[in-house]
$ cat run06.tsv   # TSV, C-alpha atoms
chain	number	residue	atom	x	y	z
A	390	MET	CA	-29.66	344.32	-45.31
A	391	LYS	CA	-27.56	343.09	-42.37
A	392	ARG	CA	-30.48	341.02	-41.07
A	393	ALA	CA	-30.91	339.38	-44.51
A	394	PHE	CA	-27.19	338.58	-44.61
A	395	ARG	CA	-27.31	337.02	-41.14
A	396	THR	CA	-30.36	334.97	-42.14
A	397	LEU	CA	-28.53	333.73	-45.22
A	398	LEU	CA	-25.54	332.71	-43.09
A	399	LEU	CA	-27.82	330.76	-40.75
A	400	PHE	CA	-28.99	328.71	-43.73
A	401	VAL	CA	-25.78	328.41	-45.75
A	402	GLY	CA	-23.39	327.97	-42.83
A	403	PRO	CA	-24.54	324.49	-41.75
A	404	CYS	CA	-24.58	323.36	-45.40
A	405	LEU	CA	-20.98	324.47	-45.84
A	406	ILE	CA	-19.96	322.69	-42.65
A	407	LEU	CA	-21.65	319.46	-43.74
A	408	SER	CA	-20.04	319.72	-47.16
A	409	ALA	CA	-16.61	320.20	-45.63
A	410	CYS	CA	-17.10	317.21	-43.37
A	411	ALA	CA	-18.13	315.07	-46.34
A	412	ALA	CA	-15.05	316.00	-48.34
A	413	GLY	CA	-12.27	313.49	-48.07
A	414	SER	CA	-14.55	310.65	-46.89
A	415	THR	CA	-15.72	307.60	-48.84
A	416	MET	CA	-19.05	307.17	-50.60
A	417	HIS	CA	-20.30	303.60	-50.13
A	418	VAL	CA	-22.59	301.97	-52.68
A	419	SER	CA	-24.97	299.22	-51.56
A	420	GLY	CA	-26.83	296.45	-53.38
A	421	ASP	CA	-25.77	294.05	-56.11
A	422	LEU	CA	-25.42	294.03	-59.87
A	423	THR	CA	-28.71	292.73	-61.27
A	424	ARG	CA	-30.46	292.40	-64.60
A	425	PRO	CA	-32.87	295.22	-65.49
A	426	ALA	CA	-36.39	295.14	-64.12
A	427	GLY	CA	-38.69	293.32	-66.50
A	428	ALA	CA	-35.95	291.15	-68.01
A	429	VAL	CA	-37.17	287.93	-69.61
A	430	ALA	CA	-37.20	284.95	-67.24
A	431	PRO	CA	-34.43	282.41	-68.02
A	432	LYS	CA	-35.61	279.45	-70.10
A	433	GLY	CA	-35.01	275.86	-69.11
A	434	GLY	CA	-33.05	273.16	-70.88
A	435	PRO	CA	-29.84	271.21	-70.39
A	436	PRO	CA	-26.78	273.35	-69.65
A	437	GLN	CA	-24.56	274.02	-72.66
A	438	ALA	CA	-21.63	275.75	-71.00
A	439	MET	CA	-19.91	276.39	-67.71
A	440	ILE	CA	-19.26	280.04	-66.84
A	441	ALA	CA	-16.46	280.66	-64.35
A	442	ASP	CA	-16.03	283.79	-62.23
A	443	PHE	CA	-14.18	286.42	-64.23
A	444	ALA	CA	-10.77	287.47	-62.94
A	445	PHE	CA	-10.61	290.99	-61.52
A	446	SER	CA	-7.87	292.90	-59.70
A	447	ALA	CA	-10.02	294.30	-56.92
A	448	ASP	CA	-8.99	297.07	-54.58
A	449	PRO	CA	-8.69	295.66	-51.02
A	450	TYR	CA	-11.12	298.32	-49.75
A	451	GLY	CA	-13.59	297.97	-52.61
A	452	VAL	CA	-12.66	301.33	-54.16
A	453	ILE	CA	-13.98	301.58	-57.74
A	454	GLY	CA	-13.57	305.28	-58.44
A	455	ARG	CA	-13.59	308.83	-57.16
A	456	ASP	CA	-15.99	311.69	-56.60
A	457	PHE	CA	-13.75	314.59	-57.61
A	458	ASP	CA	-16.37	317.14	-56.62
A	459	ARG	CA	-16.16	316.13	-52.96
A	460	ALA	CA	-12.58	314.80	-53.02
A	461	ARG	CA	-13.65	311.35	-51.82
A	462	THR	CA	-13.31	307.77	-52.98
A	463	ILE	CA	-16.21	305.60	-54.14
A	464	ALA	CA	-16.41	302.05	-52.79
A	465	TRP	CA	-18.72	299.12	-53.56
A	466	ASN	CA	-18.24	296.01	-51.45
A	467	ILE	CA	-19.07	293.40	-54.08
A	468	GLU	CA	-17.08	290.88	-56.13
A	469	PRO	CA	-17.23	292.45	-59.62
A	470	GLY	CA	-15.74	289.42	-61.38
A	471	LYS	CA	-18.32	287.06	-59.89
A	472	ALA	CA	-21.16	289.56	-60.37
A	473	MET	CA	-20.33	290.05	-64.06
A	474	ALA	CA	-20.21	286.28	-64.65
A	475	ASP	CA	-23.67	286.06	-63.05
A	476	LEU	CA	-24.96	288.76	-65.42
A	477	VAL	CA	-23.57	287.00	-68.51
A	478	ALA	CA	-25.14	283.72	-67.37
A	479	ALA	CA	-28.47	285.50	-66.82
A	480	ALA	CA	-28.32	287.21	-70.23
A	481	LEU	CA	-27.68	283.84	-71.90
A	482	GLY	CA	-30.51	282.24	-69.91
A	483	GLU	CA	-32.92	284.91	-71.13
A	484	ARG	CA	-31.99	283.90	-74.69
A	485	GLY	CA	-32.62	280.23	-74.06
A	486	VAL	CA	-29.06	279.13	-73.28
A	487	ALA	CA	-28.80	277.34	-69.94
A	488	THR	CA	-25.42	277.45	-68.20
A	489	VAL	CA	-23.72	276.31	-65.02
A	490	ARG	CA	-21.89	278.78	-62.80
A	491	GLN	CA	-18.62	277.89	-61.09
A	492	GLY	CA	-15.78	279.60	-59.29
A	493	ALA	CA	-12.72	280.75	-61.19
A	494	ASP	CA	-10.74	277.66	-60.19
A	495	ALA	CA	-13.49	275.12	-60.89
A	496	LYS	CA	-12.04	271.63	-61.39
A	497	ASP	CA	-15.07	270.02	-63.05
A	498	ALA	CA	-15.09	272.26	-66.13
A	499	GLU	CA	-14.57	269.24	-68.38
A	500	VAL	CA	-18.08	267.97	-67.54
A	501	LEU	CA	-19.48	270.42	-70.13
A	502	PRO	CA	-18.08	270.92	-73.65
A	503	ILE	CA	-17.83	274.70	-73.31
A	504	ARG	CA	-15.96	276.68	-70.65
A	505	VAL	CA	-16.47	280.46	-70.55
A	506	SER	CA	-13.98	282.47	-68.51
A	507	GLY	CA	-12.56	285.96	-68.78
A	508	VAL	CA	-10.95	289.03	-67.30
A	509	LEU	CA	-12.87	292.04	-66.08
A	510	ARG	CA	-10.40	294.73	-67.15
A	511	ARG	CA	-12.29	297.80	-66.01
A	512	PHE	CA	-15.06	298.30	-63.49
A	513	GLU	CA	-14.87	301.94	-62.49
A	514	VAL	CA	-16.87	305.09	-61.99
A	515	ASN	CA	-15.95	308.75	-61.49
A	516	ALA	CA	-17.93	311.89	-60.79
A	517	ARG	CA	-16.82	315.39	-61.84
A	518	ARG	CA	-18.44	318.79	-61.70
A	519	THR	CA	-18.59	320.21	-65.24
A	520	GLY	CA	-20.21	323.53	-64.39
A	521	ASN	CA	-21.53	325.51	-61.47
A	522	LEU	CA	-24.52	323.20	-60.99
A	523	THR	CA	-23.91	319.93	-62.85
A	524	VAL	CA	-22.02	316.85	-61.71
A	525	VAL	CA	-21.47	314.19	-64.39
A	526	THR	CA	-21.13	310.58	-63.24
A	527	GLU	CA	-19.52	308.19	-65.73
A	528	GLY	CA	-19.07	304.44	-65.34
A	529	THR	CA	-16.98	302.16	-67.57
A	530	VAL	CA	-16.97	298.37	-67.74
A	531	SER	CA	-14.63	296.36	-69.98
A	532	LEU	CA	-14.61	292.57	-70.20
A	533	THR	CA	-12.53	290.07	-72.15
A	534	VAL	CA	-14.41	286.78	-72.60
A	535	THR	CA	-12.57	283.55	-73.42
A	536	VAL	CA	-14.30	280.41	-74.67
A	537	GLU	CA	-12.54	277.02	-74.67
A	538	GLY	CA	-13.44	273.35	-74.84
A	539	PRO	CA	-13.69	270.29	-77.06
A	540	ALA	CA	-16.66	271.81	-78.89
A	541	VAL	CA	-14.64	274.91	-79.90
A	542	SER	CA	-12.11	274.97	-82.71
A	543	GLY	CA	-9.20	276.78	-81.06
A	544	LYS	CA	-9.85	279.50	-78.49
A	545	LEU	CA	-12.43	282.25	-78.95
A	546	GLU	CA	-11.63	285.57	-77.28
A	547	ARG	CA	-13.59	288.83	-77.44
A	548	THR	CA	-13.29	292.14	-75.58
A	549	VAL	CA	-16.32	294.37	-75.07
A	550	THR	CA	-16.44	297.78	-73.41
A	551	SER	CA	-19.37	299.97	-72.40
A	552	THR	CA	-19.73	303.41	-70.82
A	553	ALA	CA	-22.80	304.96	-69.19
A	554	SER	CA	-23.28	308.38	-67.62
A	555	SER	CA	-25.74	310.60	-65.82
A	556	SER	CA	-25.82	314.22	-64.64
A	557	ASP	CA	-27.41	315.95	-61.67
A	558	LEU	CA	-26.82	318.66	-59.09
A	559	PHE	CA	-24.82	316.19	-56.99
A	560	VAL	CA	-23.95	312.50	-57.06
A	561	THR	CA	-25.55	309.86	-54.85
A	562	PRO	CA	-24.82	306.14	-54.28
A	563	ASP	CA	-27.88	305.34	-56.39
A	564	ASP	CA	-26.42	307.33	-59.30
A	565	ILE	CA	-23.19	305.35	-59.01
A	566	ARG	CA	-25.03	302.03	-58.98
A	567	ASP	CA	-27.31	303.01	-61.88
A	568	VAL	CA	-24.52	303.98	-64.30
A	569	LEU	CA	-22.47	300.87	-63.49
A	570	MET	CA	-25.59	298.68	-63.76
A	571	SER	CA	-26.31	300.15	-67.19
A	572	ALA	CA	-22.76	299.61	-68.47
A	573	ALA	CA	-22.48	296.13	-66.93
A	574	ASN	CA	-25.77	294.91	-68.40
A	575	THR	CA	-24.81	296.22	-71.83
A	576	ILE	CA	-21.61	294.19	-71.55
A	577	ALA	CA	-23.51	291.06	-70.44
A	578	GLU	CA	-25.92	291.33	-73.37
A	579	GLU	CA	-23.11	291.90	-75.86
A	580	ALA	CA	-21.15	288.93	-74.50
A	581	ALA	CA	-24.22	286.69	-74.78
A	582	ARG	CA	-24.89	287.90	-78.32
A	583	THR	CA	-21.24	287.27	-79.28
A	584	LEU	CA	-21.35	283.66	-78.05
A	585	ILE	CA	-24.59	282.95	-79.88
A	586	GLU	CA	-23.49	284.57	-83.15
A	587	ALA	CA	-20.23	282.59	-83.02
A	588	LYS	CA	-22.40	279.45	-82.71
A	589	VAL	CA	-20.60	278.49	-79.53
A	590	VAL	CA	-24.00	277.98	-77.91
A	591	THR	CA	-27.47	277.52	-79.39
A	592	PRO	CA	-30.63	279.13	-77.99
A	593	SER	CA	-33.40	276.67	-77.22
A	594	PRO	CA	-36.70	277.27	-79.07
$ encode --input "run06.tsv" --output "C-alpha cells"
Amino acid sequence: MKRAFRTLLLFVGPCLILSACAAGSTMHVSGDLTRPAGAVAPKGGPPQAMIADFAFSADPYGVIGRDFDRARTIAWNIEPGKAMADLVAAALGERGVATVRQGADAKDAEVLPIRVSGVLRRFEVNARRTGNLTVVTEGTVSLTVTVEGPAVSGKLERTVTSTASSSDLFVTPDDIRDVLMSAANTIAEEAARTLIEAKVVTPSP
C-alpha cells in the first residue's frame, strides 16, 4: 500500500508543481482572425464602399480575458478593431460586394459613396471550471457598425453581438482562438447581411 502511494506521488507530484507554476501567468494566443476554411473566394468588381478600421479600446498588454481555473490572464497580440474590419470586408467580398480597406483616420473616404466604420465594443474570452473535470471557454464579440455617405439617407447604425463556447478537460490557446474566431465570423457575416438587406451595397451577379 505504501509503495503504491509513493508511486502515485511520483506521478502526481510533478503535475501539481507544473500546475502551480502555471497559475498566475499569462496564456498567449497566436495567429490571426481569419475566415473559416472553405469560405467562398471574394468576387471581383468595382469597390462599392470603404471600410475603416473599427475603434477598439485595447488593453496595452493585449489582455482579452481570464482563465479563472488557473488564475491567469489571456492575451492575444493582435489589433481586434483592424482584424474585425478585415473580416467584414472579406464576408462582403464573398457575397459579391467589393470594398476598399483603410485605417480609422482615412482622409480619402469621400472617394467612395459609402463609408463603413464602427466600434468593437466587446472582444473577450473567459474560461471557468464548471465541474471536477470540465472547463468551459466562452468568447463574446460585439460590434456597432455605422454607415455614412452621399449614397445613404441619414446614418445607418446597427449593433450585433455573438457568443461562442467550448468545453474540455482544460483550456488551450487553440480553444481560445477557436471560440473567438467563431463569434467574430458570425459577427462579420451578420454585418455583411445587414448592409446588403438595407440596400446600402448590392452584390454583383
$ closest_atom_pairs --input "run06.tsv" --of "range 541-575 of chain A" --to "range 442-455 of chain A" --cutoff "12 Å" --atoms "all atoms listed in the file" --output "JSON lines"
{"residue": "A:Val560", "atom": "CA", "partner": "A:Arg455", "partner_atom": "CA", "distance": 11.0}
{"residue": "A:Pro562", "atom": "CA", "partner": "A:Arg455", "partner_atom": "CA", "distance": 11.9}
{"residue": "A:Ile565", "atom": "CA", "partner": "A:Gly454", "partner_atom": "CA", "distance": 9.6}
{"residue": "A:Arg566", "atom": "CA", "partner": "A:Ile453", "partner_atom": "CA", "distance": 11.1}
{"residue": "A:Leu569", "atom": "CA", "partner": "A:Ile453", "partner_atom": "CA", "distance": 10.3}
$ residues_around --input "run06.tsv" --residues "Met570 in chain A" --least-positions-apart "6" --cutoff "9 Å" --atoms "all atoms listed in the file" --output "ChimeraX atom specification"
/A:421-425,528,553
$ residues_around --input "run06.tsv" --residues "Gly520 in chain A" --least-positions-apart "5" --cutoff "12 Å" --atoms "all atoms listed in the file" --output "list in words"
Asp458, Val525, Ser556, Asp557, Leu558 and Phe559 of chain A
$ residues_around --input "run06.tsv" --residues "Thr591 in chain A" --least-positions-apart "6" --cutoff "12 Å" --atoms "only C-alpha atoms" --output "PyMOL selection string"
chain A and resi 434-438+481-482+484-488+503+581-585
$ closest_residue --input "run06.tsv" --among "A:Ala573, A:Val549, A:Ala479, A:Asp456" --to "Thr526 in chain A" --atoms "all atoms listed in the file"
A:Asp456
$ atom_distance --input "run06.tsv" --atom1 "CA of Ala480 in chain A" --atom2 "CA of Ala540 in chain A"
21.2 Å
$ closest_residue --input "run06.tsv" --among "A:Thr550, A:Gln491, A:Ser531, A:Ser555" --to "Asn515 in chain A" --atoms "only C-alpha atoms"
A:Ser555
$ atom_distance --input "run06.tsv" --atom1 "CA of Val524 in chain A" --atom2 "CA of Thr552 in chain A"
16.4 Å
$ atom_distance --input "run06.tsv" --atom1 "CA of Ser414 in chain A" --atom2 "CA of Ala460 in chain A"
7.7 Å
$ closest_residue --input "run06.tsv" --among "A:Arg517, A:Asp563, A:Glu578, A:Gly470" --to "His417 in chain A" --atoms "all atoms listed in the file"
A:Asp563
$ closest_residue --input "run06.tsv" --among "A:Asp564, A:Pro594, A:Ala441, A:Arg461" --to "Val418 in chain A" --atoms "only C-alpha atoms"
A:Asp564
$ closest_residue --input "run06.tsv" --among "A:Val534, A:Thr462, A:Phe457, A:Arg547" --to "Arg518 in chain A" --atoms "all atoms listed in the file"
A:Phe457
$ closest_residue --input "run06.tsv" --among "A:Val477, A:Val508, A:Val514, A:Met439" --to "Val489 in chain A" --atoms "only C-alpha atoms"
A:Met439
$ residues_around --input "run06.tsv" --residues "Thr535 in chain A" --least-positions-apart "4" --cutoff "6 Å" --atoms "only C-alpha atoms" --output "short mmCIF file (atom, residue, chain, number, x, y, z; two decimals) with C-alpha atoms, in the frame of the given file"
data_model
loop_
_atom_site.label_atom_id
_atom_site.label_comp_id
_atom_site.auth_asym_id
_atom_site.auth_seq_id
_atom_site.Cartn_x
_atom_site.Cartn_y
_atom_site.Cartn_z
CA VAL A 505 -16.47 280.46 -70.55
CA SER A 506 -13.98 282.47 -68.51
CA GLY A 507 -12.56 285.96 -68.78
CA LEU A 545 -12.43 282.25 -78.95
CA GLU A 546 -11.63 285.57 -77.28
#
$ build_atoms --input "run06.tsv" --residues "range 579-590 of chain A" --atoms "all heavy atoms" --output "PDB file, keeping the file's coordinate frame"
ATOM      1  N   GLU A 579     -24.007 291.994 -74.720  1.00  0.00           N
ATOM      2  CA  GLU A 579     -23.110 291.900 -75.860  1.00  0.00           C
ATOM      3  C   GLU A 579     -22.313 290.601 -75.821  1.00  0.00           C
ATOM      4  O   GLU A 579     -22.091 289.955 -76.857  1.00  0.00           O
ATOM      5  CB  GLU A 579     -22.154 293.095 -75.871  1.00  0.00           C
ATOM      6  CG  GLU A 579     -21.220 293.154 -77.071  1.00  0.00           C
ATOM      7  CD  GLU A 579     -21.949 293.227 -78.397  1.00  0.00           C
ATOM      8  OE1 GLU A 579     -23.070 293.795 -78.438  1.00  0.00           O
ATOM      9  OE2 GLU A 579     -21.414 292.715 -79.399  1.00  0.00           O
ATOM     10  N   ALA A 580     -21.874 290.189 -74.635  1.00  0.00           N
ATOM     11  CA  ALA A 580     -21.150 288.930 -74.500  1.00  0.00           C
ATOM     12  C   ALA A 580     -22.036 287.751 -74.887  1.00  0.00           C
ATOM     13  O   ALA A 580     -21.597 286.832 -75.594  1.00  0.00           O
ATOM     14  CB  ALA A 580     -20.639 288.766 -73.071  1.00  0.00           C
ATOM     15  N   ALA A 581     -23.285 287.767 -74.434  1.00  0.00           N
ATOM     16  CA  ALA A 581     -24.220 286.690 -74.780  1.00  0.00           C
ATOM     17  C   ALA A 581     -24.459 286.658 -76.285  1.00  0.00           C
ATOM     18  O   ALA A 581     -24.471 285.584 -76.905  1.00  0.00           O
ATOM     19  CB  ALA A 581     -25.532 286.888 -74.033  1.00  0.00           C
ATOM     20  N   ARG A 582     -24.653 287.823 -76.879  1.00  0.00           N
ATOM     21  CA  ARG A 582     -24.890 287.900 -78.320  1.00  0.00           C
ATOM     22  C   ARG A 582     -23.661 287.382 -79.102  1.00  0.00           C
ATOM     23  O   ARG A 582     -23.797 286.675 -80.108  1.00  0.00           O
ATOM     24  CB  ARG A 582     -25.197 289.335 -78.720  1.00  0.00           C
ATOM     25  CG  ARG A 582     -25.558 289.526 -80.170  1.00  0.00           C
ATOM     26  CD  ARG A 582     -26.259 290.839 -80.418  1.00  0.00           C
ATOM     27  NE  ARG A 582     -25.624 291.962 -79.749  1.00  0.00           N
ATOM     28  CZ  ARG A 582     -26.151 292.619 -78.730  1.00  0.00           C
ATOM     29  NH1 ARG A 582     -27.306 292.258 -78.230  1.00  0.00           N
ATOM     30  NH2 ARG A 582     -25.518 293.643 -78.179  1.00  0.00           N
ATOM     31  N   THR A 583     -22.466 287.718 -78.621  1.00  0.00           N
ATOM     32  CA  THR A 583     -21.240 287.270 -79.280  1.00  0.00           C
ATOM     33  C   THR A 583     -21.133 285.746 -79.279  1.00  0.00           C
ATOM     34  O   THR A 583     -20.785 285.124 -80.295  1.00  0.00           O
ATOM     35  CB  THR A 583     -20.007 287.879 -78.583  1.00  0.00           C
ATOM     36  OG1 THR A 583     -20.041 289.303 -78.726  1.00  0.00           O
ATOM     37  CG2 THR A 583     -18.719 287.353 -79.183  1.00  0.00           C
ATOM     38  N   LEU A 584     -21.437 285.121 -78.151  1.00  0.00           N
ATOM     39  CA  LEU A 584     -21.350 283.660 -78.050  1.00  0.00           C
ATOM     40  C   LEU A 584     -22.365 282.974 -78.958  1.00  0.00           C
ATOM     41  O   LEU A 584     -22.069 281.947 -79.578  1.00  0.00           O
ATOM     42  CB  LEU A 584     -21.551 283.221 -76.602  1.00  0.00           C
ATOM     43  CG  LEU A 584     -20.493 283.688 -75.585  1.00  0.00           C
ATOM     44  CD1 LEU A 584     -20.852 283.205 -74.198  1.00  0.00           C
ATOM     45  CD2 LEU A 584     -19.113 283.185 -75.975  1.00  0.00           C
ATOM     46  N   ILE A 585     -23.543 283.551 -79.041  1.00  0.00           N
ATOM     47  CA  ILE A 585     -24.590 282.950 -79.880  1.00  0.00           C
ATOM     48  C   ILE A 585     -24.258 283.127 -81.364  1.00  0.00           C
ATOM     49  O   ILE A 585     -24.378 282.182 -82.158  1.00  0.00           O
ATOM     50  CB  ILE A 585     -25.962 283.569 -79.549  1.00  0.00           C
ATOM     51  CG1 ILE A 585     -26.394 283.154 -78.130  1.00  0.00           C
ATOM     52  CG2 ILE A 585     -27.009 283.137 -80.570  1.00  0.00           C
ATOM     53  CD1 ILE A 585     -27.633 283.857 -77.631  1.00  0.00           C
ATOM     54  N   GLU A 586     -23.815 284.323 -81.748  1.00  0.00           N
ATOM     55  CA  GLU A 586     -23.490 284.570 -83.150  1.00  0.00           C
ATOM     56  C   GLU A 586     -22.290 283.746 -83.617  1.00  0.00           C
ATOM     57  O   GLU A 586     -22.184 283.380 -84.792  1.00  0.00           O
ATOM     58  CB  GLU A 586     -23.221 286.059 -83.369  1.00  0.00           C
ATOM     59  CG  GLU A 586     -24.477 286.917 -83.251  1.00  0.00           C
ATOM     60  CD  GLU A 586     -24.190 288.391 -83.415  1.00  0.00           C
ATOM     61  OE1 GLU A 586     -22.990 288.769 -83.483  1.00  0.00           O
ATOM     62  OE2 GLU A 586     -25.162 289.181 -83.485  1.00  0.00           O
ATOM     63  N   ALA A 587     -21.385 283.430 -82.679  1.00  0.00           N
ATOM     64  CA  ALA A 587     -20.230 282.590 -83.020  1.00  0.00           C
ATOM     65  C   ALA A 587     -20.602 281.113 -83.037  1.00  0.00           C
ATOM     66  O   ALA A 587     -19.745 280.268 -83.302  1.00  0.00           O
ATOM     67  CB  ALA A 587     -19.106 282.830 -82.020  1.00  0.00           C
ATOM     68  N   LYS A 588     -21.887 280.819 -82.735  1.00  0.00           N
ATOM     69  CA  LYS A 588     -22.400 279.450 -82.710  1.00  0.00           C
ATOM     70  C   LYS A 588     -21.688 278.576 -81.674  1.00  0.00           C
ATOM     71  O   LYS A 588     -21.569 277.352 -81.837  1.00  0.00           O
ATOM     72  CB  LYS A 588     -22.316 278.819 -84.104  1.00  0.00           C
ATOM     73  CG  LYS A 588     -23.099 279.587 -85.157  1.00  0.00           C
ATOM     74  CD  LYS A 588     -23.143 278.855 -86.457  1.00  0.00           C
ATOM     75  CE  LYS A 588     -23.834 279.667 -87.550  1.00  0.00           C
ATOM     76  NZ  LYS A 588     -25.183 280.115 -87.192  1.00  0.00           N
ATOM     77  N   VAL A 589     -21.199 279.233 -80.647  1.00  0.00           N
ATOM     78  CA  VAL A 589     -20.600 278.490 -79.530  1.00  0.00           C
ATOM     79  C   VAL A 589     -21.691 277.810 -78.721  1.00  0.00           C
ATOM     80  O   VAL A 589     -21.532 276.691 -78.215  1.00  0.00           O
ATOM     81  CB  VAL A 589     -19.765 279.441 -78.639  1.00  0.00           C
ATOM     82  CG1 VAL A 589     -19.307 278.738 -77.378  1.00  0.00           C
ATOM     83  CG2 VAL A 589     -18.581 279.984 -79.416  1.00  0.00           C
ATOM     84  N   VAL A 590     -22.823 278.512 -78.588  1.00  0.00           N
ATOM     85  CA  VAL A 590     -24.000 277.980 -77.910  1.00  0.00           C
ATOM     86  C   VAL A 590     -25.209 278.189 -78.809  1.00  0.00           C
ATOM     87  O   VAL A 590     -25.180 279.043 -79.699  1.00  0.00           O
ATOM     88  CB  VAL A 590     -24.227 278.643 -76.528  1.00  0.00           C
ATOM     89  CG1 VAL A 590     -23.140 278.267 -75.551  1.00  0.00           C
ATOM     90  CG2 VAL A 590     -24.313 280.161 -76.675  1.00  0.00           C
TER      91      VAL A 590
END
